[in-house]
>>> print(open('work.csv').read())   # CSV, C-alpha atoms and all ligand atoms
chain,number,residue,atom,x,y,z
A,1,MET,CA,-49.1,-63.7,136.8
A,2,SER,CA,-48.4,-60.1,137.6
A,3,GLY,CA,-50.8,-57.3,137.0
A,4,SER,CA,-49.1,-55.7,134.1
A,5,LEU,CA,-48.6,-59.1,132.3
A,6,GLU,CA,-52.2,-59.9,132.9
A,7,GLN,CA,-53.1,-56.5,131.4
A,8,LEU,CA,-50.8,-57.3,128.4
A,9,LEU,CA,-52.9,-60.4,127.7
A,10,VAL,CA,-56.0,-58.3,127.7
A,11,VAL,CA,-54.4,-56.0,125.1
A,12,GLN,CA,-53.2,-59.0,123.1
A,13,ASP,CA,-56.6,-60.6,123.1
A,14,LEU,CA,-58.2,-57.4,121.9
A,15,ASP,CA,-55.5,-57.1,119.2
A,16,THR,CA,-56.2,-60.7,118.2
A,17,GLN,CA,-59.9,-60.0,118.1
A,18,ILE,CA,-59.3,-56.9,115.9
A,19,THR,CA,-57.0,-58.8,113.6
A,20,GLN,CA,-59.6,-61.6,113.2
A,21,LEU,CA,-62.3,-59.1,112.4
A,22,GLU,CA,-60.2,-57.4,109.8
A,23,HIS,CA,-59.3,-60.7,108.3
A,24,ARG,CA,-62.9,-61.7,108.2
A,25,ARG,CA,-63.9,-58.4,106.6
A,26,SER,CA,-61.2,-58.5,103.9
A,27,GLY,CA,-62.0,-62.1,103.0
A,28,LEU,CA,-65.8,-61.7,102.9
A,29,ALA,CA,-66.2,-61.2,99.1
A,30,GLU,CA,-64.0,-64.1,98.3
A,31,ARG,CA,-65.5,-66.5,100.8
A,32,SER,CA,-69.1,-65.7,100.0
A,33,GLY,CA,-68.6,-66.4,96.3
A,34,LEU,CA,-69.1,-62.7,95.4
A,35,THR,CA,-65.7,-62.4,93.8
A,36,ALA,CA,-66.2,-65.4,91.6
A,37,ALA,CA,-69.7,-64.3,90.6
A,38,GLU,CA,-68.5,-60.8,89.8
A,39,ALA,CA,-65.7,-62.3,87.6
A,40,GLU,CA,-68.2,-64.5,85.8
A,41,LEU,CA,-70.4,-61.4,85.2
A,42,ALA,CA,-67.5,-59.4,84.0
A,43,SER,CA,-66.5,-62.0,81.5
A,44,LEU,CA,-70.1,-62.1,80.1
A,45,SER,CA,-70.1,-58.4,80.0
A,46,THR,CA,-66.8,-58.4,77.9
A,47,GLU,CA,-68.5,-60.8,75.5
A,48,GLN,CA,-71.5,-58.6,75.4
A,49,SER,CA,-69.3,-55.5,74.6
A,50,VAL,CA,-67.6,-57.3,71.7
A,51,LEU,CA,-70.9,-58.3,70.2
A,52,ALA,CA,-72.5,-54.9,70.8
A,53,ALA,CA,-69.5,-53.3,69.0
A,54,GLN,CA,-70.0,-55.7,66.0
A,55,ARG,CA,-73.7,-54.9,66.0
A,56,ALA,CA,-73.0,-51.1,66.1
A,57,ALA,CA,-70.6,-51.4,63.2
A,58,LEU,CA,-73.3,-53.2,61.1
A,59,VAL,CA,-76.0,-50.7,62.1
A,60,ALA,CA,-73.6,-47.8,61.0
A,61,GLN,CA,-73.1,-49.6,57.7
A,62,GLN,CA,-76.8,-50.0,57.3
A,63,LYS,CA,-77.4,-46.4,57.9
A,64,GLU,CA,-74.8,-45.4,55.4
A,65,LEU,CA,-76.4,-47.7,52.8
A,66,GLU,CA,-79.9,-46.3,53.6
A,67,SER,CA,-78.6,-42.8,53.0
A,68,ALA,CA,-77.0,-43.8,49.7
A,69,ILE,CA,-80.2,-45.6,48.7
A,70,GLY,CA,-82.0,-42.4,49.5
A,71,VAL,CA,-79.8,-40.3,47.2
A,72,VAL,CA,-80.1,-42.8,44.3
A,73,THR,CA,-83.9,-43.0,44.8
A,74,GLU,CA,-84.3,-39.2,44.8
A,75,ARG,CA,-82.1,-38.8,41.8
A,76,LYS,CA,-84.0,-41.5,39.9
A,77,GLY,CA,-87.4,-39.9,40.9
A,78,ALA,CA,-86.2,-36.5,39.7
A,79,ILE,CA,-85.1,-37.8,36.3
A,80,GLU,CA,-88.4,-39.8,35.9
A,81,GLN,CA,-90.4,-36.7,36.6
A,82,ARG,CA,-88.4,-34.8,34.0
A,83,MET,CA,-89.0,-37.6,31.5
A,84,TYR,CA,-92.8,-37.6,32.1
A,85,ALA,CA,-93.0,-33.8,31.9
A,86,ALA,CA,-90.7,-33.4,28.9
A,87,ARG,CA,-92.9,-33.3,25.9
A,88,GLY,CA,-90.5,-31.3,23.8
A,89,THR,CA,-87.4,-33.2,24.8
A,90,SER,CA,-85.4,-34.8,22.0
A,91,THR,CA,-85.4,-38.6,21.7
A,92,ARG,CA,-81.7,-38.6,22.3
A,93,ASP,CA,-82.1,-36.8,25.6
A,94,LEU,CA,-84.9,-39.1,26.6
A,95,GLN,CA,-82.8,-42.1,25.8
A,96,ALA,CA,-80.0,-40.7,27.9
A,97,MET,CA,-82.3,-40.1,30.8
A,98,ASP,CA,-83.8,-43.6,30.4
A,99,GLU,CA,-80.3,-45.0,30.4
A,100,GLU,CA,-79.5,-43.1,33.6
A,101,VAL,CA,-82.7,-44.3,35.3
A,102,ARG,CA,-81.8,-47.9,34.4
A,103,HIS,CA,-78.3,-47.4,35.8
A,104,LEU,CA,-79.6,-45.8,39.0
A,105,SER,CA,-82.1,-48.7,39.4
A,106,GLU,CA,-79.2,-51.2,39.1
A,107,ARG,CA,-77.3,-49.2,41.7
A,108,GLN,CA,-80.3,-49.1,44.0
A,109,GLY,CA,-80.7,-52.9,43.6
A,110,GLU,CA,-77.1,-53.5,44.6
A,111,LEU,CA,-77.3,-51.2,47.6
A,112,GLU,CA,-80.5,-52.8,48.8
A,113,GLU,CA,-78.9,-56.2,48.4
A,114,ARG,CA,-76.0,-55.2,50.6
A,115,GLU,CA,-78.4,-53.7,53.1
A,116,LEU,CA,-80.2,-57.0,53.3
A,117,GLU,CA,-76.9,-58.9,53.8
A,118,ILE,CA,-76.1,-56.6,56.7
A,119,MET,CA,-79.5,-57.0,58.2
A,120,VAL,CA,-79.1,-60.8,57.9
A,121,ALA,CA,-75.7,-60.6,59.5
A,122,GLN,CA,-77.2,-58.8,62.5
A,123,ASP,CA,-79.6,-61.7,63.3
A,124,PRO,CA,-77.1,-64.2,64.9
A,125,ILE,CA,-75.5,-61.3,66.8
A,126,ASP,CA,-78.9,-60.3,68.2
A,127,ALA,CA,-79.5,-64.0,69.1
A,128,ASP,CA,-76.1,-64.2,70.9
A,129,LEU,CA,-76.8,-60.9,72.7
A,130,ALA,CA,-80.2,-62.2,73.8
A,131,GLU,CA,-78.6,-65.5,75.0
A,132,LEU,CA,-76.0,-63.5,76.9
A,133,ALA,CA,-78.6,-61.3,78.6
A,134,GLU,CA,-80.4,-64.5,79.6
A,135,ARG,CA,-77.3,-66.0,81.1
A,136,SER,CA,-76.3,-62.8,82.8
A,137,ALA,CA,-79.6,-62.2,84.5
A,138,PRO,CA,-79.4,-64.9,87.2
A,139,ILE,CA,-75.7,-64.1,87.8
A,140,GLN,CA,-76.5,-60.5,88.2
A,141,ALA,CA,-79.2,-61.4,90.7
A,142,ARG,CA,-76.7,-63.5,92.6
A,143,VAL,CA,-74.2,-60.7,92.6
A,144,ASP,CA,-76.8,-58.3,93.9
A,145,ALA,CA,-77.8,-60.7,96.7
A,146,LEU,CA,-74.3,-61.4,97.7
A,147,ARG,CA,-73.3,-57.8,97.6
A,148,ALA,CA,-76.2,-57.0,100.0
A,149,GLU,CA,-75.1,-60.0,102.2
A,150,VAL,CA,-71.5,-58.9,102.3
A,151,ALA,CA,-72.5,-55.3,103.0
A,152,GLN,CA,-74.6,-56.4,105.9
A,153,GLU,CA,-71.7,-58.5,107.4
A,154,VAL,CA,-69.3,-55.6,106.8
A,155,THR,CA,-71.6,-53.3,108.8
A,156,GLU,CA,-71.7,-55.8,111.6
A,157,ILE,CA,-67.9,-56.3,111.6
A,158,ASP,CA,-67.4,-52.5,111.5
A,159,ARG,CA,-69.6,-52.2,114.5
A,160,ASP,CA,-67.5,-54.7,116.4
A,161,LEU,CA,-64.3,-53.0,115.2
A,162,ALA,CA,-65.6,-49.7,116.3
A,163,ALA,CA,-66.3,-51.2,119.8
A,164,ALA,CA,-63.0,-53.0,120.0
A,165,ALA,CA,-60.8,-50.0,119.1
A,166,PRO,CA,-61.5,-47.8,122.2
A,167,ALA,CA,-61.4,-50.9,124.4
A,168,ARG,CA,-58.0,-51.7,123.1
A,169,ALA,CA,-56.8,-48.2,123.5
A,170,ALA,CA,-58.0,-48.0,127.1
A,171,ALA,CA,-56.4,-51.4,127.9
A,172,ALA,CA,-53.1,-50.4,126.3
A,173,ALA,CA,-53.0,-47.1,128.2
A,174,GLU,CA,-52.8,-49.1,131.4
A,175,LEU,CA,-49.6,-50.9,130.4
A,176,PRO,CA,-46.2,-49.7,131.6
A,177,ALA,CA,-44.6,-47.8,128.7
A,178,ALA,CA,-41.6,-50.0,128.3
A,179,LEU,CA,-43.7,-53.2,128.2
A,180,ALA,CA,-46.1,-51.6,125.7
A,181,GLU,CA,-43.2,-50.6,123.5
A,182,ARG,CA,-41.6,-54.1,123.7
A,183,TYR,CA,-44.9,-55.7,122.9
A,184,GLU,CA,-45.5,-53.5,119.9
A,185,LYS,CA,-42.1,-54.3,118.5
A,186,ILE,CA,-42.5,-58.0,118.8
A,187,ARG,CA,-46.0,-57.9,117.6
A,188,SER,CA,-45.1,-56.0,114.4
A,189,ARG,CA,-42.5,-58.6,113.7
A,190,LEU,CA,-44.5,-61.7,114.5
A,191,LYS,CA,-47.8,-61.5,112.7
A,192,GLY,CA,-49.7,-59.4,115.2
A,193,THR,CA,-49.0,-61.6,118.3
A,194,GLY,CA,-46.5,-60.1,120.7
A,195,ALA,CA,-47.6,-61.9,123.9
A,196,ALA,CA,-48.5,-65.5,124.4
A,197,ARG,CA,-49.7,-67.6,127.2
A,198,LEU,CA,-47.6,-70.5,128.5
A,199,ILE,CA,-50.2,-73.2,128.9
A,200,GLY,CA,-48.6,-76.3,130.5
A,201,HIS,CA,-45.4,-76.7,128.4
A,202,ARG,CA,-46.9,-75.1,125.4
A,203,CYS,CA,-46.3,-71.6,124.1
A,204,ASP,CA,-49.7,-70.4,122.8
A,205,GLY,CA,-47.9,-68.0,120.3
A,206,CYS,CA,-45.9,-70.5,118.3
A,207,HIS,CA,-47.8,-73.6,119.5
A,208,GLN,CA,-44.6,-75.4,120.3
A,209,GLU,CA,-43.7,-77.3,123.5
A,210,LEU,CA,-40.9,-75.8,125.6
A,211,SER,CA,-38.4,-77.9,127.4
A,212,ALA,CA,-39.1,-78.8,131.0
A,213,VAL,CA,-36.0,-76.9,132.1
A,214,GLU,CA,-37.2,-73.8,130.2
A,215,VAL,CA,-40.7,-74.1,131.6
A,216,ASP,CA,-39.3,-74.4,135.1
A,217,ARG,CA,-37.1,-71.3,134.5
A,218,VAL,CA,-40.0,-69.2,133.3
A,219,ARG,CA,-42.3,-70.3,136.0
A,220,ALA,CA,-39.7,-69.6,138.7
A,221,MET,CA,-39.3,-66.0,137.6
A,222,PRO,CA,-40.6,-63.4,140.1
A,223,ALA,CA,-43.9,-61.7,139.1
A,224,ASP,CA,-43.6,-58.8,136.7
A,225,THR,CA,-40.5,-60.2,135.1
A,226,VAL,CA,-40.8,-60.1,131.3
A,227,VAL,CA,-39.6,-63.3,129.7
A,228,THR,CA,-39.8,-64.4,126.1
A,229,CYS,CA,-40.4,-67.7,124.5
A,230,ASP,CA,-37.0,-69.1,123.5
A,231,LEU,CA,-38.7,-70.7,120.4
A,232,CYS,CA,-40.6,-67.7,118.9
A,233,GLY,CA,-39.5,-64.6,120.9
A,234,ARG,CA,-42.9,-63.6,122.1
A,235,ILE,CA,-43.4,-62.3,125.6
A,236,LEU,CA,-44.4,-65.4,127.5
A,237,VAL,CA,-47.1,-65.2,130.3
A,238,PRO,CA,-47.5,-68.3,132.4
A,239,VAL,CA,-51.1,-69.0,133.2
B,301,ZN,ZN,-43.4,-69.4,121.4
>>> encode(input="work.csv", output="structure tokens", more="lines below")
Ligand SMILES: [Zn+2]
Amino acid sequence: MSGSLEQLLVVQDLDTQITQLEHRRSGLAERSGLTAAEAELASLSTEQSVLAAQRAALVAQQKELESAIGVVTERKGAIEQRMYAARGTSTRDLQAMDEEVRHLSERQGELEERELEIMVAQDPIDADLAELAERSAPIQARVDALRAEVAQEVTEIDRDLAAAAPARAAAAAELPAALAERYEKIRSRLKGTGAARLIGHRCDGCHQELSAVEVDRVRAMPADTVVTCDLCGRILVPV
């Protein structure tokens, strides 16, 4: 193995290490179960929002009714006061006022009945909301714990990546320019692996066995000759 090809393997190994770290980093949330737990929590939160909106609509109706009841009660009170204070009022006027008070009382009764219905309708929603909150709590706790775990691992991976990047740059700087360029071209085409070891008859890039003739040909090349695997096209480095 020539010096530059040996150096190429150093670069490739660092690139592989970086790719693996990046892959581990991007898959952390999924593998740890965080993604699933977050999805579960989001679905509960959607249910919660629907119920909360229903509850808010009922509360708004209740407030409207309360204000209508207030108006009726006030009006009734005012008429009753006038009736008690009105010594000189004609019987006909008193009858009319009495009639209105009765009418307002009926109206008040209707409104109060509707308010009661609305309050009763809130009960099952409140129960469902309480149940949802109870179900959400442990999932939220799990999400929090997993987020912390994932964040911790991401920190560690980032530290490793931060160390690998300058090492890779330094190793790549030692490669002959033409070899580096060729490596990068193959690498971008073949899932990040541009150079592979020839271990026995096997290409470590495509994991296939080369023919005995091909292996002999590769191994017979003078040092520094760049040869590629005839199966996958990666630069092949006999070891
Ligand atoms: Zn190959």
>>> residues_around(input="work.csv", residues="A:Ser136", least_positions_apart="3", cutoff="8 Å", atoms="only C-alpha atoms", output="MDAnalysis selection string")
chainID A and resid 41 44 132:133 139:140
>>> residues_near_ligand(input="work.csv", ligand="ligand ZN 301 (chain B)", cutoff="9 Å", atoms="only C-alpha atoms and all ligand atoms", output="PyMOL selection string")
chain A and resi 195-198+202-210+228-236
>>> residues_around(input="work.csv", residues="A:Leu51", least_positions_apart="4", cutoff="10 Å", atoms="all atoms listed in the file", output="VMD selection string")
chain A and resid 45 to 47 55 to 57 122 125 to 126 128 to 129 132
>>> closest_residue(input="work.csv", among="A:Ala220, A:Val237, A:Ala180, A:Leu116", to="A:Leu65", atoms="all atoms listed in the file")
A:Leu116
>>> residues_around(input="work.csv", residues="stretch 16-28 of chain A", least_positions_apart="4", cutoff="9 Å", atoms="only C-alpha atoms", output="number ranges by chain")
A: 11-12, 32-34, 150, 153-154, 157-158, 160-161, 164-165, 168, 192-193
>>> atom_distance(input="work.csv", atom1="atom CA of A:Val239", atom2="atom CA of A:Ala163")
27.0 Å
>>> closest_residue(input="work.csv", among="A:Pro124, A:Gly88, A:Pro176, A:Gly194", to="A:Asp224", atoms="all atoms listed in the file")
A:Pro176
>>> closest_residue(input="work.csv", among="A:Arg92, A:Leu175, A:Ala68, A:Arg219", to="A:Leu9", atoms="all atoms listed in the file")
A:Leu175
>>> residues_around(input="work.csv", residues="A:Glu66", least_positions_apart="6", cutoff="9 Å", atoms="all atoms listed in the file", output="VMD selection string")
chain A and resid 111 to 112 115
>>> atom_distance(input="work.csv", atom1="atom CA of A:Ala29", atom2="atom CA of A:Glu149")
9.5 Å
>>> atom_distance(input="work.csv", atom1="atom CA of A:Val59", atom2="atom CA of A:Ala121")
10.2 Å
>>> closest_residue(input="work.csv", among="A:Ala127, A:Ala85, A:Ala177, A:Ala167", to="A:Leu14", atoms="all atoms listed in the file")
A:Ala167
>>> closest_residue(input="work.csv", among="A:Leu8, A:Leu190, A:Ala53, A:Val101", to="A:Thr73", atoms="only C-alpha atoms")
A:Val101
